[in-house]
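Enquirer: Dropping a structure here in structure tokens format, bear with me for questions.
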Amino acid sequence: MIFQGWRRHYVDLLTSVSHLALLLVALQFRRPDVWQWCLGLVALISGFAWASNYRRVRAIADLPTSRISSAAQGYVELYGRAVPDPEHLIVSPFSARRCVWYRYQVYRKRGNKDWHLEHQGVSGETFVISDGSGQCFVDPDHAEVIGPERRVSYEADYKRVEEILFAGAIYVLGELTTVGGANTPLNKSEDVSALLGEWKQDKASLLQRFDLDGNGEIDLKEWELARRAAIREVEKQHCELRTAAGVHIIRAPADGRMFLLSSRSPHRLRQQYLCWGWVHALILAGAMAAIFWVSQHPW
């Protein structure tokens with residue numbers, strides 16, 4: 001849970017903390033070899049961050065936005081609006097706001113020291129999005145949530161941080177599964193056997209329907225009639241099940257691919273990751289140039 005909470009801020013952490021710390025170390029020692037090591041680490045970190053941003057840009061750009069009613073099974077991109085029905089909304093723990101998702105951390109300051117994490121939590125309730133063509137349930141477990149509203153409050157020695165995703169426009173990149181409908185797993189032979197077993201339990205009704213000669217027994221010919229009747233009934237039931245509307249669910253991909261959930265549009269997300277990618281590409285190029293300069297101008 002801690003990793004999931006920090007993962008969303010990895011770009012900010014890498015640029016504002018790691019790079020700054022490495023440059024401070026280099027400035028403190030003022031030695032060419034230390035500068036080269038620090039600049040090399042800056043380049044390595046920016047290379048990793050550039051690759052991560054590029055992977056996100058490609059994942060968003062390569063997948064067209066699907067309509068819920070016609071989306072294929074598997075890894076898809078959906079963009080709709082969260083249904084504001086109170087039945088599908090939850091309440092955030094501190095601000096008591098109705099939303100579709102929240103995450104919180106509670107910190108405590110001991111003396112004049114830094115804040116220490118006391119406990120944290122994240123909601124796991126499903127919610128529903130609609131795009132006009134249909135509805136889809138979203139299971140937010142293990143999602144990388146981007147763009148929630150962040151609220152910070154203080155009370156005595158405690159700090160509460162709350163991130164909230166409200167009902168509204170929602171972008172989802174994940175694995176879609178449809179339960180029921182045309183995707184319902186059915187076994188004709190097993191269902192026919194089960195239905196015949198039920199009929200056997202009510203012998204009087206079975207004799208009334210299929211004992212054609214009235215001798216109180218079901219012979220082979222009469223049992224074949226019963227089996228054919230069971231087949232017709234099962235086929236009718238299967239047809240009704242397959243033509244019924246299925247329930248769409250999108251969740252974290254089983255193969256470990258990205259599961260994104262955001263209040264931002266796919267275009268805005270793509271532009272955001274693209275800009276960060278360029279920033280890290282420039283930092284990478286600058287760090288490599290600085291390493292070369294230091295190697296050529298020792299002091």
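We label chains A, B, ... in the order they appear in the structure tokens, count residues from 1 in each chain, and number ligands from 1 in the order shown.
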Would you kindly return, as a PDB file with N, CA and C atoms, in the first residue's frame, each protein, DNA or RNA residue with an atom no farther than 8 Å from any atom of A:Leu261, considering only C-alpha atoms and excluding same-chain residues fewer than 5 positions away?
Expert:
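As a result, around_33.pdb now contains:
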```pdb
ATOM      1  N   PRO A 140     -11.282  -0.490  -8.304  1.00  0.00           N
ATOM      2  CA  PRO A 140     -10.074   0.350  -8.220  1.00  0.00           C
ATOM      3  C   PRO A 140      -8.889  -0.288  -7.496  1.00  0.00           C
ATOM      4  N   ALA A 143      -5.038   0.270  -8.480  1.00  0.00           N
ATOM      5  CA  ALA A 143      -4.989   1.278  -9.542  1.00  0.00           C
ATOM      6  C   ALA A 143      -3.986   2.373  -9.211  1.00  0.00           C
ATOM      7  N   GLU A 144      -3.351   2.909 -10.249  1.00  0.00           N
ATOM      8  CA  GLU A 144      -2.528   4.110 -10.130  1.00  0.00           C
ATOM      9  C   GLU A 144      -3.464   5.280 -10.414  1.00  0.00           C
ATOM     10  N   VAL A 145      -3.869   5.986  -9.357  1.00  0.00           N
ATOM     11  CA  VAL A 145      -4.876   7.040  -9.483  1.00  0.00           C
ATOM     12  C   VAL A 145      -4.182   8.386  -9.704  1.00  0.00           C
ATOM     13  N   ILE A 146      -4.568   9.068 -10.768  1.00  0.00           N
ATOM     14  CA  ILE A 146      -3.919  10.324 -11.169  1.00  0.00           C
ATOM     15  C   ILE A 146      -4.942  11.456 -11.141  1.00  0.00           C
ATOM     16  N   ILE A 170     -14.214  10.286 -15.930  1.00  0.00           N
ATOM     17  CA  ILE A 170     -13.243   9.305 -15.438  1.00  0.00           C
ATOM     18  C   ILE A 170     -12.602   8.589 -16.623  1.00  0.00           C
ATOM     19  N   TYR A 171     -11.276   8.537 -16.595  1.00  0.00           N
ATOM     20  CA  TYR A 171     -10.506   7.791 -17.595  1.00  0.00           C
ATOM     21  C   TYR A 171      -9.972   6.525 -16.948  1.00  0.00           C
ATOM     22  N   VAL A 172     -10.109   5.395 -17.640  1.00  0.00           N
ATOM     23  CA  VAL A 172      -9.644   4.115 -17.102  1.00  0.00           C
ATOM     24  C   VAL A 172      -8.868   3.366 -18.174  1.00  0.00           C
ATOM     25  N   LEU A 173      -7.710   2.856 -17.798  1.00  0.00           N
ATOM     26  CA  LEU A 173      -6.904   1.995 -18.665  1.00  0.00           C
ATOM     27  C   LEU A 173      -6.673   0.705 -17.892  1.00  0.00           C
TER      28      LEU A 173
END
```
Enquirer: Per DSSP on the backbone, what are the strand (DSSP E or B) residues of stretch 134-258 of chain A, as a PyMOL selection string?
Expert: chain A and resi 135-138+144-146+149-155+158-165+169-179+247-251
Enquirer: Write down as a PyMOL selection string the residues of stretch 199-262 of chain A whose backbone DSSP state falls under helix (DSSP H, G or I).
Expert: chain A and resi 199-201+203-210+220-243
Enquirer: Could you tell me which of A:Thr65, A:Ser52, A:Thr126, A:Ser295 comes closest to A:Leu274 if we count only C-alpha atoms?
Expert: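 Of A:Thr65, A:Ser52, A:Thr126, A:Ser295, the one nearest A:Leu274 is A:Ser52, counting only C-alpha atoms.
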Enquirer: Using only C-alpha atoms, can you tell me which of A:Arg97, A:Arg108, A:His248, A:Arg268 comes closest to A:Lys159?
Expert: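 For A:Lys159, the nearest of the candidates is A:Arg108.
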Enquirer: Have a look at A:Gly246, A:Pro266, A:Gly168, A:Pro86 and name the one nearest to A:Ile60; count only C-alpha atoms.
Expert: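 Of A:Gly246, A:Pro266, A:Gly168, A:Pro86, the one nearest A:Ile60, counting only C-alpha atoms, is A:Pro266.
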Enquirer: Pick the closest to A:Ser123 from A:Glu163, A:Asp85, A:Glu240, A:Glu190: which is it, counting only C-alpha atoms?
Expert: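 Once distances to A:Ser123 are computed over only C-alpha atoms, the minimum belongs to A:Glu163.
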Enquirer: List the neighbours of A:His280 out to 10 Å using only C-alpha atoms; skip same-chain residues closer than 5 positions along the sequence, and give me the result as a VMD selection string.
Expert: chain A and resid 11 14 to 15 42 to 43 45 to 51 53 275 285 to 286
